[in-house]
$ cat structure_31.txt   # compact mmCIF, C-alpha atoms
# COMPACT_ATOMS: atom_id res chain seq x y z
CA MET A 1234 -124.83 54.25 -48.07
CA GLY A 1235 -126.91 57.43 -48.05
CA THR A 1236 -129.05 58.52 -50.97
CA THR A 1237 -127.84 61.24 -53.30
CA ASP A 1238 -129.46 64.62 -52.79
CA ARG A 1239 -131.12 65.49 -56.10
CA SER A 1240 -132.80 68.64 -54.86
CA PRO A 1241 -130.87 70.95 -57.22
CA VAL A 1242 -132.46 69.14 -60.14
CA TYR A 1243 -136.02 69.25 -58.88
CA ALA A 1244 -136.08 72.40 -56.74
CA PRO A 1245 -138.81 74.78 -57.94
CA ALA A 1246 -137.64 78.18 -59.16
CA SER A 1247 -138.65 81.13 -56.97
CA TRP A 1248 -139.25 83.82 -59.55
CA PRO A 1249 -141.31 83.66 -62.79
CA LEU A 1250 -138.68 85.68 -64.65
CA ARG A 1251 -135.99 83.23 -63.60
CA ARG A 1252 -138.13 80.32 -64.78
CA ALA A 1253 -138.76 82.00 -68.12
CA ALA A 1254 -135.06 82.73 -68.60
CA GLY A 1255 -134.20 79.18 -67.60
CA LEU A 1256 -136.67 77.77 -70.11
CA VAL A 1257 -135.15 79.86 -72.90
CA LEU A 1258 -131.58 78.94 -71.99
CA SER A 1259 -132.37 75.24 -71.61
CA CYS A 1260 -133.33 74.91 -75.28
CA HIS A 1261 -129.68 75.45 -76.36
CA PRO A 1262 -130.53 78.74 -78.11
CA GLY A 1263 -127.25 79.09 -80.01
CA PRO A 1264 -127.44 75.82 -81.96
CA VAL A 1265 -131.24 76.13 -82.30
CA VAL A 1266 -130.99 79.52 -83.98
CA ALA A 1267 -127.96 78.51 -86.07
CA VAL A 1268 -129.67 75.45 -87.58
CA ALA A 1269 -132.94 77.32 -88.20
CA VAL A 1270 -131.05 80.16 -89.92
CA LEU A 1271 -129.09 77.65 -92.02
CA ALA A 1272 -132.28 75.93 -93.17
CA THR A 1273 -133.94 79.26 -93.97
CA GLY A 1274 -130.82 80.41 -95.79
CA LEU A 1275 -130.84 77.26 -97.93
CA ALA A 1276 -134.48 77.89 -98.80
CA VAL A 1277 -133.74 81.50 -99.72
CA SER A 1278 -130.71 80.54 -101.81
CA ALA A 1279 -132.87 77.94 -103.59
CA ARG A 1280 -135.23 80.82 -104.50
CA LEU A 1281 -138.30 79.49 -102.79
CA SER A 1282 -141.15 81.90 -102.08
CA SER A 1283 -141.01 84.04 -98.97
CA ALA A 1284 -143.93 82.13 -97.45
CA ARG A 1285 -142.27 78.76 -98.06
CA CYS A 1286 -138.94 79.99 -96.67
CA ALA A 1287 -140.71 81.18 -93.52
CA LEU A 1288 -142.55 77.85 -93.23
CA ILE A 1289 -139.32 75.86 -93.54
CA GLY A 1290 -137.62 78.07 -90.97
CA ALA A 1291 -140.53 77.73 -88.55
CA ALA A 1292 -140.64 73.93 -88.92
CA VAL A 1293 -136.91 73.59 -88.30
CA LEU A 1294 -137.06 76.02 -85.39
CA ALA A 1295 -139.85 74.03 -83.73
CA GLY A 1296 -137.99 70.77 -84.27
CA GLN A 1297 -134.75 72.14 -82.88
CA LEU A 1298 -136.51 73.61 -79.85
CA SER A 1299 -138.02 70.21 -79.08
CA VAL A 1300 -134.62 68.55 -79.39
CA GLY A 1301 -132.86 71.12 -77.21
CA TRP A 1302 -135.44 70.98 -74.43
CA CYS A 1303 -135.51 67.18 -74.55
CA ASN A 1304 -131.73 67.11 -74.21
CA ASP A 1305 -131.61 69.31 -71.11
CA ALA A 1306 -134.54 67.60 -69.40
CA PHE A 1307 -133.20 64.11 -70.03
CA ASP A 1308 -129.64 64.98 -68.96
CA ALA A 1309 -130.59 67.01 -65.86
CA GLN A 1310 -129.34 64.48 -63.32
CA ARG A 1311 -126.09 63.88 -65.21
CA ASP A 1312 -125.48 67.63 -65.48
CA ALA A 1313 -126.16 68.12 -61.77
CA ALA A 1314 -123.88 65.22 -60.85
CA VAL A 1315 -120.86 66.85 -62.48
CA GLY A 1316 -121.82 70.42 -61.58
CA ARG A 1317 -122.07 71.50 -65.20
CA ARG A 1318 -122.69 75.23 -65.51
CA GLY A 1319 -125.21 76.85 -67.81
CA LYS A 1320 -127.79 74.08 -67.34
CA PRO A 1321 -130.99 75.65 -65.95
CA VAL A 1322 -132.76 72.35 -65.25
CA ALA A 1323 -129.78 71.00 -63.34
CA ASP A 1324 -129.35 74.12 -61.20
CA GLY A 1325 -133.06 74.44 -60.40
CA SER A 1326 -133.78 77.58 -62.45
CA VAL A 1327 -136.61 75.73 -64.17
CA GLY A 1328 -138.28 72.43 -63.34
CA PRO A 1329 -137.82 69.34 -65.53
CA GLY A 1330 -141.59 69.01 -65.92
CA ALA A 1331 -141.85 72.44 -67.53
CA VAL A 1332 -138.99 71.66 -69.90
CA TRP A 1333 -140.48 68.29 -70.89
CA ALA A 1334 -143.82 70.02 -71.51
CA ALA A 1335 -142.11 72.60 -73.72
CA ALA A 1336 -140.25 69.85 -75.61
CA PHE A 1337 -143.44 67.93 -76.40
CA ALA A 1338 -145.33 71.12 -77.28
CA ALA A 1339 -142.61 72.10 -79.76
CA LEU A 1340 -142.60 68.56 -81.16
CA LEU A 1341 -146.37 68.65 -81.69
CA LEU A 1342 -146.07 72.03 -83.41
CA CYS A 1343 -143.26 70.70 -85.61
CA VAL A 1344 -145.50 67.99 -87.12
CA PRO A 1345 -148.05 70.20 -88.94
CA LEU A 1346 -145.41 72.78 -89.85
CA SER A 1347 -143.24 70.08 -91.45
CA LEU A 1348 -146.10 68.36 -93.28
CA ALA A 1349 -147.32 71.73 -94.59
CA CYS A 1350 -144.16 71.73 -96.71
CA GLY A 1351 -145.35 68.54 -98.42
CA LEU A 1352 -145.69 64.93 -97.37
CA ALA A 1353 -142.23 63.86 -98.60
CA ALA A 1354 -140.49 66.96 -97.21
CA GLY A 1355 -142.32 66.70 -93.90
CA THR A 1356 -141.54 63.01 -93.54
CA VAL A 1357 -137.83 63.65 -94.12
CA HIS A 1358 -137.72 66.44 -91.56
CA LEU A 1359 -139.70 64.55 -88.94
CA ALA A 1360 -137.40 61.54 -89.40
CA ALA A 1361 -134.44 63.84 -88.70
CA VAL A 1362 -136.12 65.19 -85.56
CA ALA A 1363 -136.87 61.64 -84.42
CA ALA A 1364 -133.20 60.75 -84.94
CA ALA A 1365 -132.19 63.72 -82.77
CA TRP A 1366 -134.54 62.58 -79.99
CA ALA A 1367 -133.08 59.08 -80.28
CA TYR A 1368 -129.64 60.64 -79.80
CA ASN A 1369 -130.78 62.37 -76.62
CA VAL A 1370 -132.32 59.34 -74.97
CA LYS A 1371 -130.06 56.52 -76.21
CA LEU A 1372 -127.58 56.92 -79.06
CA LYS A 1373 -125.38 59.62 -77.49
CA ALA A 1374 -123.93 56.94 -75.21
CA THR A 1375 -123.14 54.52 -78.05
CA VAL A 1376 -120.62 54.26 -80.86
CA LEU A 1377 -123.39 55.46 -83.22
CA SER A 1378 -123.57 58.86 -81.52
CA TRP A 1379 -122.50 60.54 -84.77
CA LEU A 1380 -125.37 59.09 -86.83
CA PRO A 1381 -128.25 61.38 -85.74
CA TYR A 1382 -126.09 64.43 -86.50
CA ALA A 1383 -125.27 63.09 -89.95
CA VAL A 1384 -128.95 62.35 -90.59
CA GLY A 1385 -130.11 65.70 -89.25
CA PHE A 1386 -127.71 67.92 -91.20
CA GLY A 1387 -127.85 65.74 -94.29
CA SER A 1388 -131.64 66.01 -94.34
CA LEU A 1389 -131.70 69.82 -94.51
CA PRO A 1390 -131.02 70.02 -98.27
CA ALA A 1391 -133.62 67.29 -98.81
CA PHE A 1392 -136.19 69.16 -96.73
CA VAL A 1393 -135.63 72.25 -98.88
CA THR A 1394 -135.67 70.58 -102.31
CA LEU A 1395 -138.66 68.37 -101.51
CA SER A 1396 -140.53 71.56 -100.59
CA MET A 1397 -140.01 72.89 -104.13
CA PRO A 1398 -142.56 72.56 -106.94
CA GLY A 1399 -142.18 69.09 -108.43
CA ARG A 1400 -140.61 67.76 -105.20
CA PRO A 1401 -137.11 67.11 -106.65
CA TRP A 1402 -134.59 65.04 -104.69
CA PRO A 1403 -131.46 66.86 -103.54
CA ALA A 1404 -128.12 66.52 -105.26
CA TRP A 1405 -125.89 63.84 -103.75
CA TRP A 1406 -123.15 66.32 -102.93
CA ALA A 1407 -125.50 68.54 -100.91
CA VAL A 1408 -126.65 65.63 -98.73
CA THR A 1409 -123.11 64.29 -98.35
CA ALA A 1410 -121.68 67.68 -97.41
CA GLY A 1411 -124.52 68.25 -94.93
CA ALA A 1412 -123.89 64.87 -93.30
CA LEU A 1413 -120.16 65.59 -93.00
CA LEU A 1414 -120.87 68.97 -91.42
CA GLY A 1415 -123.19 67.21 -88.99
CA ILE A 1416 -120.47 64.78 -87.94
CA ALA A 1417 -118.09 67.69 -87.40
CA ALA A 1418 -120.75 69.49 -85.36
CA HIS A 1419 -121.10 66.41 -83.15
CA LEU A 1420 -117.37 66.15 -82.55
CA GLY A 1421 -117.02 69.86 -81.82
CA ASP A 1422 -120.07 69.93 -79.54
CA VAL A 1423 -118.98 66.96 -77.42
CA LEU A 1424 -115.26 67.73 -77.26
CA PRO A 1425 -115.35 70.14 -74.25
CA ASP A 1426 -117.60 67.79 -72.26
CA ILE A 1427 -115.76 64.49 -72.75
CA PRO A 1428 -114.23 64.27 -69.22
CA ASP A 1429 -117.55 65.09 -67.50
CA ASP A 1430 -119.52 62.77 -69.77
CA LEU A 1431 -117.20 59.87 -69.02
CA ARG A 1432 -117.81 60.39 -65.30
CA THR A 1433 -121.55 59.84 -65.87
CA GLY A 1434 -121.16 56.77 -68.09
CA VAL A 1435 -121.62 58.35 -71.53
CA ARG A 1436 -119.44 56.61 -74.11
CA GLY A 1437 -120.28 57.94 -77.54
CA LEU A 1438 -117.81 57.89 -80.42
CA PRO A 1439 -115.89 61.01 -79.29
CA HIS A 1440 -115.58 59.61 -75.76
CA ARG A 1441 -114.10 56.39 -77.11
CA LEU A 1442 -111.62 58.39 -79.19
CA GLY A 1443 -110.67 60.58 -76.25
CA VAL A 1444 -109.96 64.30 -76.20
CA THR A 1445 -106.83 64.07 -78.35
CA GLY A 1446 -108.34 61.66 -80.85
CA THR A 1447 -111.49 63.76 -81.22
CA ARG A 1448 -109.51 66.95 -81.66
CA LEU A 1449 -107.39 65.32 -84.38
CA LEU A 1450 -110.44 63.90 -86.14
CA LEU A 1451 -112.50 67.09 -86.01
CA PRO A 1452 -111.01 68.80 -89.13
CA VAL A 1453 -111.35 65.66 -91.29
CA PRO A 1454 -115.11 65.81 -92.00
CA LEU A 1455 -114.89 69.57 -92.48
CA VAL A 1456 -112.14 69.34 -95.09
CA ALA A 1457 -114.01 66.45 -96.73
CA ALA A 1458 -117.17 68.58 -96.85
CA THR A 1459 -115.19 71.37 -98.49
CA ALA A 1460 -113.93 68.99 -101.16
CA VAL A 1461 -117.45 67.67 -101.81
CA LEU A 1462 -118.93 71.17 -102.06
CA VAL A 1463 -116.21 72.37 -104.42
CA LEU A 1464 -115.81 69.32 -106.64
CA GLY A 1465 -119.26 67.70 -106.42
CA PRO A 1466 -121.45 70.10 -108.44
CA ALA A 1467 -121.22 69.98 -112.23
CA GLY A 1468 -118.93 72.46 -113.91
CA PRO A 1469 -115.70 74.14 -112.85
CA PRO A 1470 -115.35 74.95 -109.15
CA GLY A 1471 -114.72 78.65 -109.71
CA ALA A 1472 -112.05 80.84 -108.14
CA TRP A 1473 -113.80 81.13 -104.77
CA GLY A 1474 -114.38 77.39 -104.46
CA ALA A 1475 -110.83 76.53 -105.50
CA ALA A 1476 -109.40 79.06 -103.06
CA THR A 1477 -111.56 77.69 -100.24
CA LEU A 1478 -110.46 74.12 -100.92
CA PHE A 1479 -106.82 75.20 -101.17
CA ALA A 1480 -107.03 77.02 -97.83
CA ALA A 1481 -109.06 74.42 -95.91
CA VAL A 1482 -106.30 71.89 -95.30
CA PRO A 1483 -103.57 74.30 -94.09
CA THR A 1484 -106.11 76.16 -91.93
CA ALA A 1485 -107.16 72.94 -90.21
CA VAL A 1486 -103.58 71.70 -89.86
CA ALA A 1487 -102.41 75.05 -88.48
CA GLY A 1488 -105.15 74.91 -85.89
CA LEU A 1489 -104.05 71.46 -84.77
CA ALA A 1490 -100.38 72.50 -84.62
CA LEU A 1491 -101.11 75.63 -82.62
CA GLY A 1492 -103.33 73.60 -80.34
CA ARG A 1493 -100.21 72.44 -78.50
CA TYR A 1494 -99.75 76.00 -77.24
CA TRP A 1495 -103.33 77.34 -77.27
CA ARG A 1496 -106.08 74.86 -76.44
CA LYS A 1497 -108.73 76.64 -78.50
CA ALA A 1498 -106.63 76.94 -81.66
CA ALA A 1499 -107.79 73.63 -83.12
CA PHE A 1500 -111.42 74.56 -82.56
CA ALA A 1501 -110.84 78.03 -84.04
CA GLY A 1502 -109.35 76.49 -87.17
CA THR A 1503 -112.25 74.12 -87.62
CA VAL A 1504 -114.78 76.92 -87.08
CA ALA A 1505 -113.10 78.87 -89.89
CA VAL A 1506 -113.35 75.89 -92.23
CA ALA A 1507 -116.95 75.22 -91.15
CA ALA A 1508 -117.93 78.83 -91.87
CA ALA A 1509 -116.44 78.56 -95.35
CA ASP A 1510 -118.30 75.27 -95.92
CA VAL A 1511 -121.64 76.79 -94.89
CA ALA A 1512 -121.01 79.75 -97.20
CA LEU A 1513 -120.28 77.37 -100.07
CA LEU A 1514 -123.42 75.37 -99.34
CA LEU A 1515 -125.56 78.50 -99.36
CA ALA A 1516 -123.88 79.74 -102.54
CA ARG A 1517 -124.80 76.46 -104.27
CA GLY A 1518 -128.46 76.84 -103.30
CA THR A 1519 -129.88 77.02 -106.82
CA ALA A 1520 -128.12 73.74 -107.67
CA LEU A 1521 -129.34 71.76 -104.66
CA SER A 1522 -131.71 69.65 -106.76
$ encode --input "structure_31.txt" --output "structure tokens"
Amino acid sequence: MGTTDRSPVYAPASWPLRRAAGLVLSCHPGPVVAVAVLATGLAVSARLSSARCALIGAAVLAGQLSVGWCNDAFDAQRDAAVGRRGKPVADGSVGPGAVWAAAFAALLLCVPLSLACGLAAGTVHLAAVAAAWAYNVKLKATVLSWLPYAVGFGSLPAFVTLSMPGRPWPAWWAVTAGALLGIAAHLGDVLPDIPDDLRTGVRGLPHRLGVTGTRLLLPVPLVAATAVLVLGPAGPPGAWGAATLFAAVPTAVAGLALGRYWRKAAFAGTVAVAAADVALLLARGTALS
């Protein structure tokens, strides 16, 4: 048997601009920015100082950049094998060495930025980043693929509250809702790639459930997160919270039902519920601890 030609993965890019664009795109800019904005928004809603909010945002941004670059560099051969589009390392726009260097540089930057928020806060955030790296290099292909996402999103409220004066621990409902949103993010992120991932031997939890099973499960953690965010904090839920909880279930169910006729309907329904959950989490910022 002949050897597989891996030149698309390792071919050097011809133009500096193309390499720079490839490096930016290979960090998964959408999720990176979204998580950094969410963390900064939590800090702002918790009424931390501007400097501390910026520090939290910078630490999370550095951590997410390291995770995104690690993911693309580690998966380059798998992505090339299935011809996955939008993967600069796999198509040769940027070399894997450059992306690995960027990943480790961002990781090194993340350490002092995280610890500058306090030893406890920094330790929590660095543990979440370590869990995300473990997902990239090992856990994504196991039944525990959901765990790093739960740890990562669940740690965001803790990172914020432990950065406050007095270092208070976060409320249970904030951590629980964050973990549930993380599980939903994992299911939604993997869902479109399940067939290609199976061809390259990846068998995380969504792959074992299959496309249909994952699509049916996707709204469950989102609706559960809504219930936790509305009913978990002390006091009455308020009109907005009650309305959100009342609308979450039919929105998710309608998405699943319409999914028989429009493939993206289920995902659209879950995105709507997820957006409402994030809004609720930000609105509860002053009660995080």
$ residues_around --input "structure_31.txt" --residues "A:Ala1287" --least-positions-apart "6" --cutoff "12 Å" --atoms "only C-alpha atoms" --output "list of chain:residue names"
A:Ala1269, A:Val1270, A:Ala1272, A:Thr1273, A:Gly1274, A:Leu1275, A:Ala1276, A:Val1277, A:Leu1281, A:Val1293, A:Leu1294, A:Leu1346, A:Ser1347, A:Ala1349, A:Cys1350, A:Val1393, A:Ser1396
$ closest_atom_pairs --input "structure_31.txt" --of "stretch 1341-1429 of chain A" --to "stretch 1304-1318 of chain A" --cutoff "12 Å" --atoms "all atoms listed in the file" --output "CSV"
residue,atom,partner,partner_atom,distance
A:Ala1365,CA,A:Asn1304,CA,9.2
A:Trp1366,CA,A:Asn1304,CA,7.9
A:Ala1367,CA,A:Asn1304,CA,10.2
A:Tyr1368,CA,A:Asn1304,CA,8.8
A:Asn1369,CA,A:Asn1304,CA,5.4
A:Val1370,CA,A:Phe1307,CA,6.9
A:Lys1371,CA,A:Phe1307,CA,10.3
A:Lys1373,CA,A:Asn1304,CA,10.4
A:Ala1374,CA,A:Asp1308,CA,11.7
A:Pro1425,CA,A:Arg1317,CA,11.4
A:Asp1426,CA,A:Arg1317,CA,9.1
A:Ile1427,CA,A:Val1315,CA,11.7
A:Pro1428,CA,A:Val1315,CA,9.8
A:Asp1429,CA,A:Val1315,CA,6.3
$ atom_distance --input "structure_31.txt" --atom1 "atom CA of A:Ser1299" --atom2 "atom CA of A:Ala1338"
7.6 Å
$ closest_residue --input "structure_31.txt" --among "A:Met1397, A:Val1300, A:Ala1383, A:Ala1360" --to "A:Cys1286" --atoms "all atoms listed in the file"
A:Met1397
$ closest_residue --input "structure_31.txt" --among "A:Thr1375, A:Ser1326, A:Thr1459, A:Ser1522" --to "A:Trp1405" --atoms "all atoms listed in the file"
A:Ser1522
$ atom_distance --input "structure_31.txt" --atom1 "atom CA of A:Ala1481" --atom2 "atom CA of A:Leu1455"
8.3 Å
$ residues_around --input "structure_31.txt" --residues "A:Trp1379" --least-positions-apart "4" --cutoff "9 Å" --atoms "all atoms listed in the file" --output "mmCIF file with C-alpha atoms, keeping the file's coordinate frame"
data_model
loop_
_atom_site.group_PDB
_atom_site.id
_atom_site.type_symbol
_atom_site.label_atom_id
_atom_site.label_comp_id
_atom_site.auth_asym_id
_atom_site.auth_seq_id
_atom_site.Cartn_x
_atom_site.Cartn_y
_atom_site.Cartn_z
ATOM 1 C CA TYR A 1368 -129.640 60.640 -79.800
ATOM 2 C CA LEU A 1372 -127.580 56.920 -79.060
ATOM 3 C CA LYS A 1373 -125.380 59.620 -77.490
ATOM 4 C CA ALA A 1383 -125.270 63.090 -89.950
ATOM 5 C CA VAL A 1384 -128.950 62.350 -90.590
ATOM 6 C CA GLY A 1415 -123.190 67.210 -88.990
ATOM 7 C CA ILE A 1416 -120.470 64.780 -87.940
ATOM 8 C CA ALA A 1417 -118.090 67.690 -87.400
ATOM 9 C CA HIS A 1419 -121.100 66.410 -83.150
ATOM 10 C CA LEU A 1420 -117.370 66.150 -82.550
ATOM 11 C CA GLY A 1437 -120.280 57.940 -77.540
ATOM 12 C CA LEU A 1438 -117.810 57.890 -80.420
ATOM 13 C CA PRO A 1439 -115.890 61.010 -79.290
#
$ residues_near_point --input "structure_31.txt" --point "(-123.6, 65.7, -99.3)" --cutoff "12 Å" --atoms "all atoms listed in the file" --output "MDAnalysis selection string"
chainID A and resid 1383:1391 1403:1416 1454:1455 1457:1466 1510 1514 1517 1521:1522
$ atom_distance --input "structure_31.txt" --atom1 "atom CA of A:Val1357" --atom2 "atom CA of A:Arg1400"
12.1 Å
$ closest_residue --input "structure_31.txt" --among "A:Gly1446, A:Pro1249, A:Gly1330, A:Gly1301" --to "A:Val1268" --atoms "all atoms listed in the file"
A:Gly1301
